[in-house]
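Participant: File protein-v6.pdb follows (PDB, C-alpha atoms):
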ATOM      1  CA  MET A  28      98.432 119.397 124.091
ATOM      2  CA  GLN A  29     101.394 119.812 121.766
ATOM      3  CA  TYR A  30     101.560 117.808 118.531
ATOM      4  CA  ARG A  31     104.690 116.774 116.677
ATOM      5  CA  THR A  32     105.334 115.073 113.338
ATOM      6  CA  LEU A  33     106.132 111.358 113.646
ATOM      7  CA  GLY A  34     109.058 110.562 111.396
ATOM      8  CA  ARG A  35     108.202 110.738 107.718
ATOM      9  CA  THR A  36     104.665 109.428 108.221
ATOM     10  CA  GLY A  37     103.112 112.883 108.148
ATOM     11  CA  TRP A  38     101.159 111.993 111.289
ATOM     12  CA  GLN A  39     100.744 114.691 113.912
ATOM     13  CA  VAL A  40     100.851 112.859 117.237
ATOM     14  CA  SER A  41     100.442 114.121 120.774
ATOM     15  CA  ALA A  42     103.788 115.011 122.341
ATOM     16  CA  LEU A  43     102.670 113.102 125.415
ATOM     17  CA  SER A  44     101.130 109.846 124.269
ATOM     18  CA  PHE A  45      99.845 106.782 126.094
ATOM     19  CA  GLY A  46     102.122 103.856 126.939
ATOM     20  CA  ALA A  47      99.884 100.825 127.461
ATOM     21  CA  TRP A  48     102.294  98.421 129.158
ATOM     22  CA  ALA A  49     100.890  99.052 132.635
ATOM     23  CA  ILE A  50      97.288  98.288 131.650
ATOM     24  CA  GLY A  51      98.390  94.987 130.159
ATOM     25  CA  GLY A  52     100.525  93.407 132.840
ATOM     26  CA  THR A  53     103.679  93.176 135.017
ATOM     27  CA  TRP A  54     102.810  96.422 136.806
ATOM     28  CA  GLY A  55     100.654  94.920 139.537
ATOM     29  CA  PRO A  56      96.888  94.407 139.495
ATOM     30  CA  THR A  57      94.646  96.282 137.075
ATOM     31  CA  VAL A  58      90.909  96.891 136.839
ATOM     32  CA  GLU A  59      89.582  96.918 133.274
ATOM     33  CA  SER A  60      87.012  99.645 133.926
ATOM     34  CA  GLU A  61      89.724 101.892 135.421
ATOM     35  CA  SER A  62      92.073 101.180 132.523
ATOM     36  CA  LEU A  63      89.414 102.120 129.992
ATOM     37  CA  ALA A  64      88.547 105.232 131.974
ATOM     38  CA  ALA A  65      92.216 106.243 131.914
ATOM     39  CA  LEU A  66      92.335 105.709 128.137
ATOM     40  CA  HIS A  67      89.226 107.827 127.605
ATOM     41  CA  ARG A  68      90.579 110.565 129.880
ATOM     42  CA  ALA A  69      93.747 110.615 127.805
ATOM     43  CA  ILE A  70      91.675 111.232 124.674
ATOM     44  CA  ASP A  71      89.824 114.037 126.493
ATOM     45  CA  LEU A  72      93.207 115.648 127.129
ATOM     46  CA  GLY A  73      94.232 115.505 123.468
ATOM     47  CA  VAL A  74      96.137 112.223 123.288
ATOM     48  CA  ASN A  75      95.820 110.600 119.865
ATOM     49  CA  PHE A  76      98.670 108.062 119.858
ATOM     50  CA  PHE A  77      98.834 104.854 121.890
ATOM     51  CA  ASP A  78     101.732 102.424 122.206
ATOM     52  CA  THR A  79     101.247  98.771 123.096
ATOM     53  CA  ALA A  80     102.699  95.302 122.406
ATOM     54  CA  ASP A  81     101.384  91.826 121.724
ATOM     55  CA  VAL A  82     102.906  90.504 124.955
ATOM     56  CA  TYR A  83     101.373  93.067 127.291
ATOM     57  CA  GLY A  84      99.013  90.842 129.219
ATOM     58  CA  ASP A  85      99.244  88.309 126.360
ATOM     59  CA  GLY A  86      97.128  90.609 124.189
ATOM     60  CA  ILE A  87      95.006  92.254 126.890
ATOM     61  CA  SER A  88      96.452  95.696 126.183
ATOM     62  CA  GLU A  89      95.822  95.415 122.439
ATOM     63  CA  ARG A  90      92.250  94.276 123.012
ATOM     64  CA  LEU A  91      91.593  97.169 125.396
ATOM     65  CA  LEU A  92      92.753  99.580 122.714
ATOM     66  CA  ALA A  93      90.442  97.922 120.196
ATOM     67  CA  LYS A  94      87.591  98.504 122.617
ATOM     68  CA  LEU A  95      88.666 102.113 123.074
ATOM     69  CA  ARG A  96      88.620 102.635 119.325
ATOM     70  CA  ARG A  97      85.074 101.272 119.161
ATOM     71  CA  GLU A  98      83.939 103.567 121.976
ATOM     72  CA  THR A  99      85.406 106.866 120.801
ATOM     73  CA  ARG A 100      84.658 109.070 117.835
ATOM     74  CA  GLU A 101      88.110 110.629 117.945
ATOM     75  CA  PRO A 102      90.649 109.322 115.408
ATOM     76  CA  ILE A 103      93.514 107.535 117.137
ATOM     77  CA  LEU A 104      96.731 105.872 116.027
ATOM     78  CA  ILE A 105      97.995 102.670 117.639
ATOM     79  CA  ALA A 106     101.543 101.373 117.577
ATOM     80  CA  THR A 107     102.229  97.811 118.623
ATOM     81  CA  LYS A 108     105.299  95.582 118.836
ATOM     82  CA  ALA A 109     106.292  92.062 117.869
ATOM     83  CA  GLY A 110     109.065  89.635 118.705
ATOM     84  CA  ARG A 111     108.985  89.032 122.429
ATOM     85  CA  ARG A 112     106.592  86.115 122.038
ATOM     86  CA  LEU A 113     109.578  84.114 120.835
ATOM     87  CA  ASN A 114     110.801  81.466 123.259
ATOM     88  CA  PRO A 115     113.729  81.373 123.187
ATOM     89  CA  HIS A 116     114.045  85.008 122.202
ATOM     90  CA  VAL A 117     116.825  84.668 119.621
ATOM     91  CA  ALA A 118     117.702  86.453 116.394
ATOM     92  CA  ALA A 119     116.851  83.407 114.271
ATOM     93  CA  GLY A 120     113.242  83.703 115.416
ATOM     94  CA  TYR A 121     112.820  86.989 113.538
ATOM     95  CA  ASN A 122     111.895  85.201 110.337
ATOM     96  CA  ARG A 123     109.059  85.613 107.856
ATOM     97  CA  ASP A 124     106.789  82.927 109.312
ATOM     98  CA  ASN A 125     107.031  84.163 112.889
ATOM     99  CA  LEU A 126     106.734  87.872 112.127
ATOM    100  CA  THR A 127     103.765  87.243 109.846
ATOM    101  CA  ALA A 128     102.058  85.182 112.551
ATOM    102  CA  PHE A 129     102.666  87.867 115.167
ATOM    103  CA  VAL A 130     101.254  90.536 112.867
ATOM    104  CA  GLU A 131      98.150  88.468 112.122
ATOM    105  CA  ARG A 132      97.539  87.992 115.851
ATOM    106  CA  SER A 133      97.842  91.736 116.516
ATOM    107  CA  LEU A 134      95.527  92.502 113.613
ATOM    108  CA  SER A 135      92.951  90.266 115.245
ATOM    109  CA  ASN A 136      93.469  91.717 118.730
ATOM    110  CA  LEU A 137      93.247  95.299 117.468
ATOM    111  CA  GLU A 138      90.382  94.517 115.077
ATOM    112  CA  VAL A 139      91.996  96.246 112.106
ATOM    113  CA  GLU A 140      93.013  95.308 108.588
ATOM    114  CA  ALA A 141      96.400  97.040 108.806
ATOM    115  CA  LEU A 142      98.571  97.973 111.793
ATOM    116  CA  ASP A 143      99.324 101.690 111.971
ATOM    117  CA  LEU A 144     102.876 101.146 113.194
ATOM    118  CA  LEU A 145     104.688  97.885 113.977
ATOM    119  CA  GLN A 146     107.872  97.949 116.030
ATOM    120  CA  LEU A 147     110.369  95.147 116.506
ATOM    121  CA  HIS A 148     110.255  94.604 120.270
ATOM    122  CA  CYS A 149     113.800  94.978 121.604
ATOM    123  CA  PRO A 150     115.251  92.182 119.465
ATOM    124  CA  PRO A 151     118.731  90.745 120.035
ATOM    125  CA  THR A 152     121.468  93.040 118.736
ATOM    126  CA  ASP A 153     122.261  90.648 115.887
ATOM    127  CA  VAL A 154     118.873  91.392 114.298
ATOM    128  CA  TYR A 155     119.996  94.911 113.429
ATOM    129  CA  TYR A 156     122.735  93.404 111.278
ATOM    130  CA  GLN A 157     120.315  91.236 109.315
ATOM    131  CA  PRO A 158     118.885  93.299 106.438
ATOM    132  CA  GLU A 159     116.628  90.417 105.489
ATOM    133  CA  VAL A 160     114.545  91.079 108.621
ATOM    134  CA  PHE A 161     113.811  94.608 107.446
ATOM    135  CA  GLY A 162     113.058  93.188 104.013
ATOM    136  CA  ILE A 163     110.366  91.045 105.643
ATOM    137  CA  LEU A 164     108.868  94.206 107.154
ATOM    138  CA  ASP A 165     108.950  95.881 103.747
ATOM    139  CA  GLY A 166     107.030  92.896 102.414
ATOM    140  CA  LEU A 167     104.394  93.242 105.126
ATOM    141  CA  VAL A 168     103.954  96.893 104.162
ATOM    142  CA  LYS A 169     103.527  95.951 100.506
ATOM    143  CA  ALA A 170     101.007  93.280 101.526
ATOM    144  CA  GLY A 171      98.927  95.912 103.315
ATOM    145  CA  LYS A 172      99.373  94.315 106.740
ATOM    146  CA  ILE A 173     101.246  97.259 108.262
ATOM    147  CA  ARG A 174     101.373 100.915 107.262
ATOM    148  CA  TYR A 175     104.773 101.780 108.747
ATOM    149  CA  TYR A 176     107.394 100.133 110.905
ATOM    150  CA  GLY A 177     110.053 100.997 113.429
ATOM    151  CA  VAL A 178     112.052  99.472 116.264
ATOM    152  CA  SER A 179     112.153  99.479 120.031
ATOM    153  CA  VAL A 180     115.723  99.257 121.293
ATOM    154  CA  GLU A 181     117.685  98.802 124.498
ATOM    155  CA  LYS A 182     120.945 100.424 123.410
ATOM    156  CA  VAL A 183     121.952 103.614 121.627
ATOM    157  CA  GLU A 184     124.177 101.532 119.359
ATOM    158  CA  GLU A 185     121.150  99.532 118.222
ATOM    159  CA  ALA A 186     119.237 102.732 117.521
ATOM    160  CA  LEU A 187     122.046 104.119 115.387
ATOM    161  CA  LYS A 188     122.254 100.886 113.394
ATOM    162  CA  ALA A 189     118.468 100.666 112.945
ATOM    163  CA  ILE A 190     118.140 104.090 111.328
ATOM    164  CA  GLU A 191     120.518 103.035 108.567
ATOM    165  CA  TYR A 192     117.577 101.096 107.116
ATOM    166  CA  PRO A 193     115.676 103.555 104.919
ATOM    167  CA  ASN A 194     112.145 102.546 105.886
ATOM    168  CA  VAL A 195     112.580 102.609 109.656
ATOM    169  CA  GLN A 196     110.232 105.423 110.627
ATOM    170  CA  THR A 197     110.553 105.384 114.404
ATOM    171  CA  VAL A 198     112.839 104.361 117.234
ATOM    172  CA  GLN A 199     111.502 103.766 120.711
ATOM    173  CA  ILE A 200     114.195 104.165 123.357
ATOM    174  CA  ILE A 201     114.457 104.745 127.100
ATOM    175  CA  PHE A 202     115.003 108.441 127.726
ATOM    176  CA  ASN A 203     114.422 110.285 130.983
ATOM    177  CA  MET A 204     116.238 112.359 133.589
ATOM    178  CA  PHE A 205     118.115 109.205 134.627
ATOM    179  CA  ARG A 206     118.917 107.966 131.103
ATOM    180  CA  GLN A 207     120.286 110.877 129.104
ATOM    181  CA  ARG A 208     122.768 109.259 126.732
ATOM    182  CA  PRO A 209     120.422 109.182 123.687
ATOM    183  CA  ALA A 210     120.554 112.989 123.544
ATOM    184  CA  GLU A 211     124.316 113.051 123.062
ATOM    185  CA  LEU A 212     124.532 111.585 119.538
ATOM    186  CA  PHE A 213     121.473 109.594 118.566
ATOM    187  CA  PHE A 214     119.003 112.487 118.635
ATOM    188  CA  GLU A 215     121.060 114.460 116.143
ATOM    189  CA  GLN A 216     121.339 111.515 113.765
ATOM    190  CA  ALA A 217     117.625 110.723 114.032
ATOM    191  CA  LYS A 218     116.719 114.319 113.187
ATOM    192  CA  LYS A 219     118.952 114.220 110.104
ATOM    193  CA  ARG A 220     117.108 111.135 108.856
ATOM    194  CA  GLN A 221     113.668 112.395 109.950
ATOM    195  CA  VAL A 222     113.143 109.435 112.250
ATOM    196  CA  GLY A 223     110.531 109.754 114.982
ATOM    197  CA  ILE A 224     111.597 109.112 118.581
ATOM    198  CA  LEU A 225     109.303 107.574 121.186
ATOM    199  CA  ALA A 226     110.726 108.137 124.674
ATOM    200  CA  ARG A 227     109.713 105.200 126.828
ATOM    201  CA  VAL A 228     110.067 104.660 130.597
ATOM    202  CA  PRO A 229     109.819 108.468 130.890
ATOM    203  CA  LEU A 230     109.183 108.321 134.636
ATOM    204  CA  SER A 231     111.826 105.671 135.350
ATOM    205  CA  SER A 232     109.261 103.031 136.367
ATOM    206  CA  GLY A 233     107.554 105.513 138.676
ATOM    207  CA  MET A 234     110.749 106.598 140.427
ATOM    208  CA  LEU A 235     110.550 110.100 138.929
ATOM    209  CA  THR A 236     107.025 110.629 140.221
ATOM    210  CA  GLY A 237     108.505 111.157 143.675
ATOM    211  CA  LYS A 238     105.815 108.896 145.122
ATOM    212  CA  LEU A 239     107.978 105.851 145.837
ATOM    213  CA  LYS A 240     109.532 105.322 149.249
ATOM    214  CA  ALA A 241     112.195 103.057 150.717
ATOM    215  CA  ASP A 242     109.482 100.788 152.108
ATOM    216  CA  THR A 243     107.148 100.845 149.087
ATOM    217  CA  ALA A 244     105.855  97.321 148.484
ATOM    218  CA  PHE A 245     105.290  96.064 144.943
ATOM    219  CA  ALA A 246     102.940  93.258 143.954
ATOM    220  CA  SER A 247     104.507  89.931 143.030
ATOM    221  CA  ASN A 248     103.437  90.417 139.398
ATOM    222  CA  ASP A 249     105.031  93.874 139.203
ATOM    223  CA  HIS A 250     108.379  93.920 137.377
ATOM    224  CA  ARG A 251     109.641  96.432 139.933
ATOM    225  CA  ALA A 252     109.586  93.552 142.420
ATOM    226  CA  PHE A 253     111.126  90.826 140.262
ATOM    227  CA  ASN A 254     113.321  92.407 137.585
ATOM    228  CA  ARG A 255     115.645  94.815 139.384
ATOM    229  CA  GLN A 256     118.701  92.795 138.357
ATOM    230  CA  GLY A 257     117.345  91.799 134.951
ATOM    231  CA  GLU A 258     115.994  88.436 136.041
ATOM    232  CA  SER A 259     113.206  88.459 133.424
ATOM    233  CA  PHE A 260     114.269  91.038 130.808
ATOM    234  CA  ASP A 261     116.810  93.814 130.427
ATOM    235  CA  ARG A 262     117.394  95.417 133.817
ATOM    236  CA  GLY A 263     117.461  98.840 132.203
ATOM    237  CA  GLU A 264     113.683  98.606 131.815
ATOM    238  CA  THR A 265     113.218  98.683 135.606
ATOM    239  CA  PHE A 266     114.090 101.950 137.355
ATOM    240  CA  SER A 267     116.280 102.768 134.339
ATOM    241  CA  GLY A 268     118.796 100.202 135.556
ATOM    242  CA  ILE A 269     119.898 102.115 138.655
ATOM    243  CA  ASP A 270     119.890 101.009 142.273
ATOM    244  CA  TYR A 271     116.568 101.685 143.994
ATOM    245  CA  ASP A 272     118.000 103.586 146.974
ATOM    246  CA  LEU A 273     120.271 105.648 144.731
ATOM    247  CA  GLY A 274     117.248 106.581 142.653
ATOM    248  CA  LEU A 275     115.326 107.705 145.708
ATOM    249  CA  SER A 276     118.255 109.879 146.771
ATOM    250  CA  ALA A 277     118.562 111.481 143.328
ATOM    251  CA  VAL A 278     114.822 112.163 143.262
ATOM    252  CA  GLU A 279     115.156 114.223 146.428
ATOM    253  CA  GLU A 280     117.732 116.388 144.664
ATOM    254  CA  LEU A 281     115.342 116.814 141.752
ATOM    255  CA  ARG A 282     112.528 117.680 144.153
ATOM    256  CA  ALA A 283     114.552 120.705 145.283
ATOM    257  CA  ILE A 284     114.885 121.814 141.647
ATOM    258  CA  CYS A 285     111.250 121.278 140.634
ATOM    259  CA  PRO A 286     109.622 124.584 139.631
ATOM    260  CA  PRO A 287     106.787 125.801 141.860
ATOM    261  CA  GLY A 288     103.344 124.552 140.914
ATOM    262  CA  LEU A 289     104.602 121.418 139.147
ATOM    263  CA  SER A 290     104.508 117.871 140.454
ATOM    264  CA  LEU A 291     107.678 115.836 139.996
ATOM    265  CA  THR A 292     105.794 113.784 137.400
ATOM    266  CA  GLN A 293     104.992 116.878 135.368
ATOM    267  CA  PHE A 294     108.544 118.161 135.789
ATOM    268  CA  ALA A 295     110.033 114.914 134.470
ATOM    269  CA  LEU A 296     107.702 114.804 131.467
ATOM    270  CA  ARG A 297     108.132 118.499 130.602
ATOM    271  CA  TRP A 298     111.911 117.978 130.761
ATOM    272  CA  ILE A 299     111.694 115.334 128.020
ATOM    273  CA  LEU A 300     109.663 117.648 125.793
ATOM    274  CA  MET A 301     112.453 120.216 125.933
ATOM    275  CA  PHE A 302     114.274 118.016 123.393
ATOM    276  CA  ASP A 303     112.837 118.744 119.973
ATOM    277  CA  ALA A 304     114.183 115.480 118.517
ATOM    278  CA  VAL A 305     111.679 113.608 120.687
ATOM    279  CA  THR A 306     108.361 113.104 118.945
ATOM    280  CA  CYS A 307     106.555 111.929 122.045
ATOM    281  CA  ALA A 308     107.044 110.517 125.511
ATOM    282  CA  ILE A 309     104.770 107.613 126.397
ATOM    283  CA  PRO A 310     103.936 107.505 130.115
ATOM    284  CA  GLY A 311     101.466 104.898 131.282
ATOM    285  CA  ALA A 312      98.321 105.398 133.325
ATOM    286  CA  LYS A 313      96.180 102.835 135.126
ATOM    287  CA  ARG A 314      93.659 105.382 136.440
ATOM    288  CA  PRO A 315      92.122 108.629 135.147
ATOM    289  CA  SER A 316      93.888 110.663 137.853
ATOM    290  CA  GLN A 317      97.257 109.465 136.570
ATOM    291  CA  ALA A 318      96.264 110.364 133.024
ATOM    292  CA  GLU A 319      95.341 113.881 134.123
ATOM    293  CA  GLU A 320      98.644 114.463 135.902
ATOM    294  CA  ASN A 321     100.696 112.997 133.057
ATOM    295  CA  PHE A 322      99.124 114.574 130.018
ATOM    296  CA  SER A 323      98.589 118.040 131.461
ATOM    297  CA  ALA A 324     102.383 118.410 131.452
ATOM    298  CA  ALA A 325     102.342 119.057 127.703
ATOM    299  CA  ASP A 326     100.648 122.401 128.304
ATOM    300  CA  LEU A 327     103.236 123.677 130.782
ATOM    301  CA  PRO A 328     105.659 126.481 129.853
ATOM    302  CA  PRO A 329     109.242 125.585 128.887
ATOM    303  CA  LEU A 330     111.761 124.966 131.634
ATOM    304  CA  SER A 331     114.475 127.568 132.151
ATOM    305  CA  GLU A 332     118.083 127.048 131.062
ATOM    306  CA  GLU A 333     119.088 127.159 134.726
ATOM    307  CA  THR A 334     116.657 124.387 135.633
ATOM    308  CA  MET A 335     117.849 122.229 132.726
ATOM    309  CA  ALA A 336     121.462 122.753 133.825
ATOM    310  CA  ARG A 337     120.658 121.721 137.397
ATOM    311  CA  VAL A 338     118.986 118.526 136.209
ATOM    312  CA  GLN A 339     122.076 117.805 134.127
ATOM    313  CA  SER A 340     124.228 118.304 137.209
ATOM    314  CA  VAL A 341     122.234 115.759 139.206
ATOM    315  CA  TYR A 342     122.654 113.235 136.391
ATOM    316  CA  ASP A 343     126.368 113.888 135.988
ATOM    317  CA  ARG A 344     127.131 113.634 139.710
ATOM    318  CA  THR A 345     124.933 110.735 140.775
ATOM    319  CA  ILE A 346     123.640 108.692 137.828
ATOM    320  CA  ARG A 347     125.891 108.931 134.778
ATOM    321  CA  GLU A 348     128.538 106.373 135.721
ATOM    322  CA  ARG A 349     125.843 103.806 136.602
ATOM    323  CA  VAL A 350     124.101 103.839 133.212
ATOM    324  CA  GLN A 351     126.063 105.757 130.583
ATOM    325  CA  HIS A 352     128.207 102.882 129.328
ATOM    326  CA  TYR A 353     125.604 100.108 129.515
ATOM    327  CA  TRP A 354     122.854 101.456 127.252
TER     328      TRP A 354
END
Please lay out the structure from this file as structure tokens.
Facilitator:
Amino acid sequence: MQYRTLGRTGWQVSALSFGAWAIGGTWGPTVESESLAALHRAIDLGVNFFDTADVYGDGISERLLAKLRRETREPILIATKAGRRLNPHVAAGYNRDNLTAFVERSLSNLEVEALDLLQLHCPPTDVYYQPEVFGILDGLVKAGKIRYYGVSVEKVEEALKAIEYPNVQTVQIIFNMFRQRPAELFFEQAKKRQVGILARVPLSSGMLTGKLKADTAFASNDHRAFNRQGESFDRGETFSGIDYDLGLSAVEELRAICPPGLSLTQFALRWILMFDAVTCAIPGAKRPSQAEENFSAADLPPLSEETMARVQSVYDRTIRERVQHYW
């Protein structure tokens, strides 16, 4: 496992870390014993950083991570998120009372006295232009409720605005072979400010595993069945915002590029780690076998310049115009 420094926290976190959305909800059915086994297998493979949110399974994901922490002797860091419990989800809801209540709930779910890292959970764009919101987060740090804070964003523009605030330590953003825009400007700016980057949706909702087919059926409670056009939340969170059939076609081009001995999953994750601005990618795993395939990718040798150029060509020819100007 590789380890990289997370922002200005001084923390050394696993370059492939655990995204806990899938074990919480909206990814089809889960089995708690399998989820816990996947979490433990991740620790066996060197993972020490876990990302969750208060809305994943209405707290299920946070509570599973609390149980993991009780069951392991290895030190782990847990990042969570707040804001999406708001209904309606509007900028005015990001006030002191609501954020404090969300933090207190996560403290209880995670069974800790202070959250390691709190991230605003893809708030409306207007929030990034409200310095008082970040002042509230500063107050929560001073009160000992959170150690550090960051943001999870939908758009590059939001990421660039967020890092203007001096105490934003991390930005979580969608970055994968099908969503490459963050590398064009944001990565450079984040490095200058020593801001950690968490690359989420690294496998494009499973599309980049190469295991999905035209006739793959998704459970009714799986966002890949009900959010393809953004019916429930930003459509960019599902298959990176691209058409399902187009994604399948592009994956076949990537399959022809994939170096021998690597699965497409490992190829996609190793590609992300080629960008040194990225602190960690956070693939999910619902079973130990998925954890093994995902996290072993950190130990693979670097990809060649030729391979990186061919991936870029696939993006430029087939994907770029569908996503580049939206996020």
Participant: Determine the residue membership of the PyMOL selection byres ((chain A and resi 68) around 12) for the file above and supply it as a count of residues only.
Facilitator: 30
Participant: For Leu212 in chain A, find every residue with an atom within 12 Å (counting all atoms listed in the file), except residues of its own chain fewer than 6 positions away, and show them as a PyMOL selection string.
Facilitator: chain A and resi 183-184+186-187+218-219+304
Participant: What's around Leu147 in chain A at 9 Å? Count all atoms listed in the file, leave out sequence neighbours fewer than 6 positions away in its own chain, and write the answer as a PyMOL selection string.
Facilitator: chain A and resi 107-111+176-180
Participant: Using the chain letters and numbering of this document, enumerate as an mmCIF file with C-alpha atoms, keeping the file's coordinate frame the residues selected by the PyMOL selection byres ((chain A and resi 192) around 12).
Facilitator:
data_model
loop_
_atom_site.group_PDB
_atom_site.id
_atom_site.type_symbol
_atom_site.label_atom_id
_atom_site.label_comp_id
_atom_site.auth_asym_id
_atom_site.auth_seq_id
_atom_site.Cartn_x
_atom_site.Cartn_y
_atom_site.Cartn_z
ATOM 1 C CA TYR A 155 119.996 94.911 113.429
ATOM 2 C CA TYR A 156 122.735 93.404 111.278
ATOM 3 C CA GLN A 157 120.315 91.236 109.315
ATOM 4 C CA PRO A 158 118.885 93.299 106.438
ATOM 5 C CA GLU A 159 116.628 90.417 105.489
ATOM 6 C CA VAL A 160 114.545 91.079 108.621
ATOM 7 C CA PHE A 161 113.811 94.608 107.446
ATOM 8 C CA GLY A 162 113.058 93.188 104.013
ATOM 9 C CA LEU A 164 108.868 94.206 107.154
ATOM 10 C CA ASP A 165 108.950 95.881 103.747
ATOM 11 C CA TYR A 176 107.394 100.133 110.905
ATOM 12 C CA GLY A 177 110.053 100.997 113.429
ATOM 13 C CA VAL A 178 112.052 99.472 116.264
ATOM 14 C CA GLU A 185 121.150 99.532 118.222
ATOM 15 C CA ALA A 186 119.237 102.732 117.521
ATOM 16 C CA LEU A 187 122.046 104.119 115.387
ATOM 17 C CA LYS A 188 122.254 100.886 113.394
ATOM 18 C CA ALA A 189 118.468 100.666 112.945
ATOM 19 C CA ILE A 190 118.140 104.090 111.328
ATOM 20 C CA GLU A 191 120.518 103.035 108.567
ATOM 21 C CA PRO A 193 115.676 103.555 104.919
ATOM 22 C CA ASN A 194 112.145 102.546 105.886
ATOM 23 C CA VAL A 195 112.580 102.609 109.656
ATOM 24 C CA GLN A 196 110.232 105.423 110.627
ATOM 25 C CA THR A 197 110.553 105.384 114.404
ATOM 26 C CA VAL A 198 112.839 104.361 117.234
ATOM 27 C CA ALA A 217 117.625 110.723 114.032
ATOM 28 C CA ARG A 220 117.108 111.135 108.856
ATOM 29 C CA VAL A 222 113.143 109.435 112.250
#
Participant: In terms of the shortest atom-to-atom distance over all atoms listed in the file, which of A:Ala308, A:Val139, A:Ile87, A:Ala226 is closest to Ile50 in chain A?
Facilitator: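 The shortest atom-to-atom distance to Ile50 in chain A comes from A:Ile87.
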Participant: For the atom pair CA of Gly55 in chain A and CA of Phe266 in chain A, what is the interatomic distance in Å to one decimal place?
Facilitator: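 Computed distance, CA of Gly55 in chain A to CA of Phe266 in chain A, equals 15.3 Å.
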Participant: For Ala80 in chain A, which of A:Pro115, A:Trp54, A:His148, A:Val40 is the closest residue, counting all atoms listed in the file?
Facilitator: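 Once distances to Ala80 in chain A are computed over all atoms listed in the file, the minimum belongs to A:His148.
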Participant: What does the structure give for the distance between CA of Ile163 in chain A and CA of Leu134 in chain A, in Å to one decimal?
Facilitator: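 Taking CA of Ile163 in chain A as the start and CA of Leu134 in chain A as the end point, the length is 16.9 Å.
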Participant: Could you check which of A:Asn136, A:Gly311, A:Phe245, A:Asp303 is closest to Gly46 in chain A, using only C-alpha atoms?
Facilitator: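 Ranked by minimum distance to Gly46 in chain A, first place goes to A:Gly311.
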Participant: Assuming the chain letters and numbering stay as they are in my file, what does the PyMOL selection byres ((chain A and resi 247-251) around 6) actually select? List them as number ranges by chain.
Facilitator: A: 53-55, 246, 252-254
Participant: Smallest atom-to-atom distance to Gly223 in chain A: which of A:Ile105, A:Trp354, A:Thr306, A:Leu327, using only C-alpha atoms?
Facilitator: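 For Gly223 in chain A, the nearest of the candidates is A:Thr306.
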Participant: How many Å separate CA of Arg255 in chain A from CA of Asp272 in chain A?
Facilitator: 11.8 Å
Participant: Need to verify the contact set: Tyr30 in chain A, 9 Å, all atoms listed in the file, exclusion of same-chain residues closer than 3 positions in sequence. Can you return it as a PDB file with C-alpha atoms, keeping the file's coordinate frame?
Facilitator:
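Saved the output as selection30.pdb:
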ATOM      1  CA  GLN A  39     100.744 114.691 113.912  1.00  0.00           C
ATOM      2  CA  VAL A  40     100.851 112.859 117.237  1.00  0.00           C
ATOM      3  CA  SER A  41     100.442 114.121 120.774  1.00  0.00           C
ATOM      4  CA  ALA A  42     103.788 115.011 122.341  1.00  0.00           C
ATOM      5  CA  LEU A  43     102.670 113.102 125.415  1.00  0.00           C
ATOM      6  CA  THR A 306     108.361 113.104 118.945  1.00  0.00           C
ATOM      7  CA  CYS A 307     106.555 111.929 122.045  1.00  0.00           C
TER       8      CYS A 307
END
Participant: Quick one: everything within 9 Å of Glu279 in chain A, counting only C-alpha atoms, minus sequence neighbours fewer than 5 positions away in the same chain. Send it as an MDAnalysis selection string.
Facilitator: chainID A and resid 237 274 284
Participant: List the neighbours of Gly268 in chain A out to 10 Å using all atoms listed in the file; skip same-chain residues closer than 6 positions along the sequence, and give me the result as a PyMOL selection string.
Facilitator: chain A and resi 205-206+231-232+254-257+261-262+274+349-350+353-354
Participant: Go through A:Cys149, A:Met28, A:Leu126, A:Ile299 and flag the residue nearest Ala210 in chain A, using all atoms listed in the file for the distances.
Facilitator: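 That would be A:Ile299, the residue with the smallest distance to Ala210 in chain A.
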Participant: Within 12 Å of (109.6, 83.0, 112.3) (coordinates as in the file), grab all the protein and nucleic acid residues, counting all atoms listed in the file, and write them out as a PyMOL selection string.
Facilitator: chain A and resi 109-130+160+163
Participant: Around all the atoms of range 41-56 of chain A listed in the file, draw an axis-aligned box and extend it by 4 Å on each of the six sides; I want its centre and edge lengths in Å to one decimal, as lines of an AutoDock Vina configuration file.
Facilitator:
center_x = 100.3
center_y = 104.1
center_z = 130.2
size_x = 14.9
size_y = 29.8
size_z = 26.8
Participant: Name the closest residue to Gln207 in chain A among the candidates A:Ser60, A:Pro328, A:Gln351, A:Leu275; distances are taken between atoms, counting all atoms listed in the file.
Facilitator: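 Result for the nearest residue to Gln207 in chain A: A:Gln351.
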